[in-house]
Amino acid sequence: MNIWWIRRDLRLADNPALAAALAAGGGVLPVFILDDALLSQPAEKRQGFLYAGLNILDEDLRRLGSRLIVRRGDPRVEIPRLAREVAAGSVFAEHDVSPYALRRDAAVAAQVDLRLVHGLGVHPAGAVTRPDGGPYTVFTPYSRAWKALPAPGQPLPTPAALPPVPELHSETIPDLPAPENFPPGEREARGRLNAFINGPIDAYGDGRNRLDLDGTSALSPYLRFGMLSARQAVVAARRAAGPGAETWLNELIWREFYQSILYHFPHVLHGAFRPALQSIPWRDAPEDLRAWQAGLTGYPVVDAGMRQLAATGWMHNRARMITASFLVKDLLINWQAGERWFMRQLVDGDPAANNGGWQWTAGTGTDAAPYFRIFNPVLQGQKFDPLGDYVRRWVPELAAVPEKYIHAPWEMPAEEQSASRAVIGRDYPAPIVEHAFARQRTLEAYAGK
Ligand SMILES: Cc1cc2nc3c(=O)[nH]c(=O)nc-3n(C[C@H](O)[C@H](O)[C@H](O)COP(=O)(O)OP(=O)(O)OC[C@H]3O[C@@H](n4cnc5c(N)ncnc54)[C@H](O)[C@@H]3O)c2cc1C
């Protein structure tokens with residue numbers, strides 16, 4: 001009997017760890033450990049998605065003659081305990097790259113025969129390296145090297161049947177509602193992938209930036225928990241071909257780039273990738289932070305993004321860039337406060353991608369935006385939400401504001417404010433900071449760093 005230890009690979013199709021456990025022979029015990037160290041962190045929406053995903057995985061396993069064994073506690077204790085209980089030969093699991101995962105797996109490997117199998121990305125985290133063997137810290141050469149490696153083979157099929165599982169205690173999966181807009185499971189993920197490949201992918205080059213359109217795949221939560229493998233996504237993109245597919249492939253490579261950064265530079269989780277940028281004189285401004293979190297900054301596109309996040313656990317990439325930039329460059333609040341808030345809210349919250357996104361925005365990261373490039377939230381809104389539909393959807397108090405003022409409602413004459421029932425300071429806040437002033441303040445704070 002071998003253990004298949006499931007962590008962030010909640011799928012039966014194209015699962016190299018499961019395939020390796022099956023190939024070893026003698027039976028497979030699918031196991032998930034509810035890890036107290038991870039689940040004590042506040043992240044209700046992501047946990048709801050995970051729990052519902054585990055229930056679906058269990059149903060899928062039962063259909064093939066197996067089932068999921070769930071235990072709760074510290075995996076460093078629980079996995080060896082279970083291995084003893086069933087006299088397991090080996091434990092198979094997908095290799096993960098976060099410092100926590102690496103420490104945990106090293107501690108488990110000291111007690112049992114742990115076989116880590118690659119599958120988190122198309123290429124293993126340590127495989128895309130410079131000719132001298134060092135890690136890349138800039139995206140373009142990384143992506144070139146990524147593409148130069150052999151193309152991924154065909155995804156593995158779902159096993160036709162699985163060996164039965166002995167009578168064993170299994171914990172109840174906690175009951176938390178799954179986010180409505182993200183029904184979990186690999187069938188749902190494949191359906192979304194197909195719908196995207198047969199439609200929006202062609203226009204993805206421009207469509208991906210439009211806040212008011214569903215121009216992206218919305219697959220991030222599924223990739224986050226491995227309900228879809230990176231290989232399934234990449235093979236589908238390659239088959240779709242065309243410029244839209246090429247751009248989408250690049251985004252999937254960004255995902256692996258940030259995994260590689262986290263793998264090689266784990267310190268990024270604790271501070272700036274570039275240490276010189278650790279000492280920016282951030283403002284301690286709890287009220288401004290709260291206004292940003294609540295979507296009450298007075299900048300409609302920023303507030304729309306933050307409210308989309310709070311309501312759904314997901315935010316459009318362009319809105320992530322705009323809201324992150326606003327926190328860091330308009331409010332001059334430490335990007336790590338934003339990183340924490342996003343991790344708490346996001347269904348797709350992933351330490352590597354989230355940290356990469358925040359460090360990029362703050363200009364403290366690897367291939368980061370230069371510090372002097374500061375998004376103007378009004379212009380960003382006008383460009384990427386031209387009619388204001390995204391704002392009206394998520395900030396309903398601005399629903400009747402004319403197009404001309406939708407991204408700068410404070411410029412509305414008093415009569416228009418009353419007519420559109422959006423009186424600034426009464427129905428919707430005045431801007432909590434003036435952008436031109438904030439821009440100057442940030443340039444000075446970053447200068448010389
Ligand atoms: C401040 C900030 C924080 C972010 N936090 C996360 C996070 O916690 N988890 C997360 O998955 N993505 C994060 N991203 C990246 C990106 O915003 C999301 O992956 C994307 O919006 C998800 O939507 P989608 O599935 O429709 O993406 P698509 O545009 O369809 O892209 C396909 C897939 O590629 C990957 N991807 C796309 N863009 C990026 C990127 N810039 N970096 C890494 N992977 C990418 C995702 O897995 C995504 O599902 C963050 C970006 C920023 C600017």
# chains A, B, ... in the order shown; residues from 1 in each chain; ligands from 1

call {"tool": "select_by_dssp", "arguments": {"residues": "segment 268-408 of chain A", "states": "helix (DSSP H, G or I)", "output": "number ranges by chain"}}
result
A: 268-269, 275-279, 286-294, 300-312, 317-330, 335-345, 351-362, 377-384, 389-394, 396-398, 403-405

call {"tool": "residues_near_ligand", "arguments": {"ligand": "ligand 1", "cutoff": "7 Å", "atoms": "only C-alpha atoms and all ligand atoms", "output": "ChimeraX atom specification"}}
result
/A:208,216-221,223-224,248,251-252,254-255,258,315-317,320-321,324,342-343,346,348-351,353-358,361

call {"tool": "write_last_selection", "arguments": {"atoms": "N, CA and C atoms", "output": "CSV table (one decimal), in the first residue's frame"}}
result
chain,number,residue,atom,x,y,z
A,208,ARG,N,-8.0,41.0,-22.2
A,208,ARG,CA,-7.5,40.7,-20.8
A,208,ARG,C,-7.4,41.9,-20.0
A,216,THR,N,-10.8,37.1,-19.5
A,216,THR,CA,-9.8,36.2,-19.0
A,216,THR,C,-10.4,34.9,-18.7
A,217,SER,N,-9.6,33.9,-18.3
A,217,SER,CA,-10.1,32.6,-18.1
A,217,SER,C,-10.8,32.3,-16.8
A,218,ALA,N,-10.5,33.2,-15.8
A,218,ALA,CA,-11.0,32.9,-14.4
A,218,ALA,C,-10.7,31.5,-13.9
A,219,LEU,N,-9.5,31.0,-14.3
A,219,LEU,CA,-9.1,29.7,-13.9
A,219,LEU,C,-8.2,29.7,-12.7
A,220,SER,N,-7.8,30.9,-12.2
A,220,SER,CA,-6.8,30.9,-11.2
A,220,SER,C,-7.1,30.1,-9.9
A,221,PRO,N,-8.3,30.1,-9.4
A,221,PRO,CA,-8.5,29.2,-8.2
A,221,PRO,C,-8.3,27.7,-8.5
A,223,LEU,N,-6.2,26.5,-10.9
A,223,LEU,CA,-4.8,26.3,-11.0
A,223,LEU,C,-4.2,26.3,-9.6
A,224,ARG,N,-4.7,27.2,-8.7
A,224,ARG,CA,-4.1,27.3,-7.4
A,224,ARG,C,-4.2,26.0,-6.6
A,248,TRP,N,-1.7,34.4,-23.6
A,248,TRP,CA,-2.2,33.6,-22.5
A,248,TRP,C,-1.1,32.7,-21.9
A,251,GLU,N,1.2,34.3,-19.6
A,251,GLU,CA,0.7,34.5,-18.2
A,251,GLU,C,0.9,33.2,-17.4
A,252,LEU,N,0.7,32.1,-18.1
A,252,LEU,CA,1.0,30.8,-17.4
A,252,LEU,C,2.4,30.7,-17.0
A,254,TRP,N,4.3,33.4,-16.4
A,254,TRP,CA,4.5,34.3,-15.2
A,254,TRP,C,4.3,33.5,-13.9
A,255,ARG,N,3.2,32.6,-13.9
A,255,ARG,CA,2.9,31.8,-12.7
A,255,ARG,C,4.1,31.0,-12.3
A,258,TYR,N,7.2,33.2,-11.0
A,258,TYR,CA,7.1,33.6,-9.6
A,258,TYR,C,7.3,32.4,-8.6
A,315,MET,N,-10.4,39.1,-8.2
A,315,MET,CA,-10.3,40.4,-8.7
A,315,MET,C,-9.6,40.3,-10.1
A,316,HIS,N,-10.1,41.1,-11.0
A,316,HIS,CA,-9.5,41.2,-12.3
A,316,HIS,C,-8.0,41.6,-12.2
A,317,ASN,N,-7.2,41.0,-13.1
A,317,ASN,CA,-5.7,41.4,-12.9
A,317,ASN,C,-5.4,42.9,-13.0
A,320,ARG,N,-6.3,44.4,-9.9
A,320,ARG,CA,-5.3,44.0,-8.8
A,320,ARG,C,-4.1,45.0,-9.0
A,321,MET,N,-3.7,45.3,-10.2
A,321,MET,CA,-2.6,46.2,-10.4
A,321,MET,C,-3.0,47.7,-10.0
A,324,ALA,N,-3.5,47.7,-6.0
A,324,ALA,CA,-2.2,47.6,-5.3
A,324,ALA,C,-1.4,48.8,-5.5
A,342,PHE,N,-4.8,40.7,0.6
A,342,PHE,CA,-5.2,39.9,-0.6
A,342,PHE,C,-5.2,38.4,-0.2
A,343,MET,N,-4.2,38.0,0.5
A,343,MET,CA,-4.1,36.5,0.9
A,343,MET,C,-5.3,36.1,1.7
A,346,LEU,N,-8.4,36.3,-1.2
A,346,LEU,CA,-8.5,35.7,-2.5
A,346,LEU,C,-8.7,34.2,-2.5
A,348,ASP,N,-7.9,32.5,-5.1
A,348,ASP,CA,-6.7,32.0,-5.8
A,348,ASP,C,-5.5,32.3,-5.0
A,349,GLY,N,-5.6,32.9,-3.8
A,349,GLY,CA,-4.4,33.4,-3.0
A,349,GLY,C,-3.3,32.4,-3.0
A,350,ASP,N,-2.2,32.8,-3.6
A,350,ASP,CA,-1.0,31.9,-3.7
A,350,ASP,C,0.2,32.7,-3.4
A,351,PRO,N,1.0,32.2,-2.4
A,351,PRO,CA,2.1,33.0,-1.9
A,351,PRO,C,3.0,33.5,-3.0
A,353,ALA,N,2.5,33.9,-6.5
A,353,ALA,CA,1.9,34.9,-7.4
A,353,ALA,C,1.6,36.2,-6.7
A,354,ASN,N,1.0,36.1,-5.5
A,354,ASN,CA,0.6,37.2,-4.8
A,354,ASN,C,1.8,38.1,-4.4
A,355,ASN,N,2.8,37.5,-3.9
A,355,ASN,CA,4.0,38.2,-3.5
A,355,ASN,C,4.6,38.8,-4.7
A,356,GLY,N,4.7,38.0,-5.8
A,356,GLY,CA,5.3,38.6,-7.1
A,356,GLY,C,4.5,39.8,-7.6
A,357,GLY,N,3.2,39.7,-7.5
A,357,GLY,CA,2.3,40.8,-8.0
A,357,GLY,C,2.6,42.1,-7.1
A,358,TRP,N,2.6,41.9,-5.8
A,358,TRP,CA,2.8,43.0,-4.9
A,358,TRP,C,4.2,43.6,-5.1
A,361,THR,N,4.4,45.6,-8.2
A,361,THR,CA,3.7,46.9,-8.1
A,361,THR,C,4.5,47.9,-7.3

call {"tool": "closest_residue", "arguments": {"among": "A:Gly388, A:Pro370, A:Gly425, A:Gly185", "to": "Ala447 of chain A", "atoms": "only C-alpha atoms"}}
result
A:Pro370

call {"tool": "closest_atom_pairs", "arguments": {"of": "segment 281-306 of chain A", "to": "segment 401-415 of chain A", "cutoff": "12 Å", "atoms": "only C-alpha atoms", "output": "CSV"}}
result
residue,atom,partner,partner_atom,distance
A:Thr297,CA,A:Ala408,CA,11.9
A:Gly298,CA,A:Trp410,CA,8.4
A:Tyr299,CA,A:His407,CA,7.0
A:Pro300,CA,A:His407,CA,5.7
A:Val301,CA,A:His407,CA,6.8
A:Val302,CA,A:His407,CA,9.7
A:Asp303,CA,A:His407,CA,10.7
A:Ala304,CA,A:His407,CA,10.6

call {"tool": "residues_around", "arguments": {"residues": "segment 233-245 of chain A", "least_positions_apart": "4", "cutoff": "8 Å", "atoms": "only C-alpha atoms", "output": "PyMOL selection string"}}
result
chain A and resi 122+152+154-155+193+197+201-205+228-229+249+252

call {"tool": "residues_around", "arguments": {"residues": "Ala21 of chain A", "least_positions_apart": "6", "cutoff": "8 Å", "atoms": "only C-alpha atoms", "output": "list in words"}}
result
Asn2, Ile3, Trp4, Val28, Val91 and Phe92 of chain A

call {"tool": "closest_residue", "arguments": {"among": "A:Pro431, A:Pro163, A:Gly53, A:Pro275", "to": "Pro377 of chain A", "atoms": "only C-alpha atoms"}}
result
A:Pro431

call {"tool": "residues_around", "arguments": {"residues": "Asn334 of chain A", "least_positions_apart": "4", "cutoff": "12 Å", "atoms": "only C-alpha atoms", "output": "PyMOL selection string"}}
result
chain A and resi 271-272+277-286+288-289+324-330+338-341+358-359+361-364+442+445

call {"tool": "residues_around", "arguments": {"residues": "Leu211 of chain A", "least_positions_apart": "3", "cutoff": "9 Å", "atoms": "only C-alpha atoms", "output": "ChimeraX atom specification"}}
result
/A:207-208,214-215,316-319,381,384-386,389-391

call {"tool": "closest_residue", "arguments": {"among": "A:Leu57, A:Ala438, A:Leu269, A:Leu443", "to": "Pro184 of chain A", "atoms": "only C-alpha atoms"}}
result
A:Leu57

call {"tool": "residues_around", "arguments": {"residues": "Ala17 of chain A", "least_positions_apart": "4", "cutoff": "6 Å", "atoms": "only C-alpha atoms", "output": "PDB file with N, CA and C atoms, in the first residue's frame"}}
result
ATOM      1  N   PHE A  92       3.622   9.282  -1.893  1.00  0.00           N
ATOM      2  CA  PHE A  92       3.825  10.058  -3.113  1.00  0.00           C
ATOM      3  C   PHE A  92       3.097  11.398  -2.989  1.00  0.00           C
ATOM      4  N   ALA A  93       3.762  12.472  -3.399  1.00  0.00           N
ATOM      5  CA  ALA A  93       3.130  13.797  -3.321  1.00  0.00           C
ATOM      6  C   ALA A  93       3.728  14.694  -4.395  1.00  0.00           C
ATOM      7  N   GLU A  94       2.934  15.714  -4.781  1.00  0.00           N
ATOM      8  CA  GLU A  94       3.424  16.684  -5.765  1.00  0.00           C
ATOM      9  C   GLU A  94       4.380  17.659  -5.084  1.00  0.00           C
ATOM     10  N   VAL A 117       6.971  14.230  -6.534  1.00  0.00           N
ATOM     11  CA  VAL A 117       6.830  14.097  -7.974  1.00  0.00           C
ATOM     12  C   VAL A 117       6.522  15.475  -8.543  1.00  0.00           C
TER      13      VAL A 117
END

call {"tool": "atom_distance", "arguments": {"atom1": "atom CA of Ile79 of chain A", "atom2": "atom CA of Val108 of chain A"}}
result
7.3 Å

call {"tool": "atom_distance", "arguments": {"atom1": "atom CA of Gln259 of chain A", "atom2": "atom CA of Ala19 of chain A"}}
result
23.3 Å
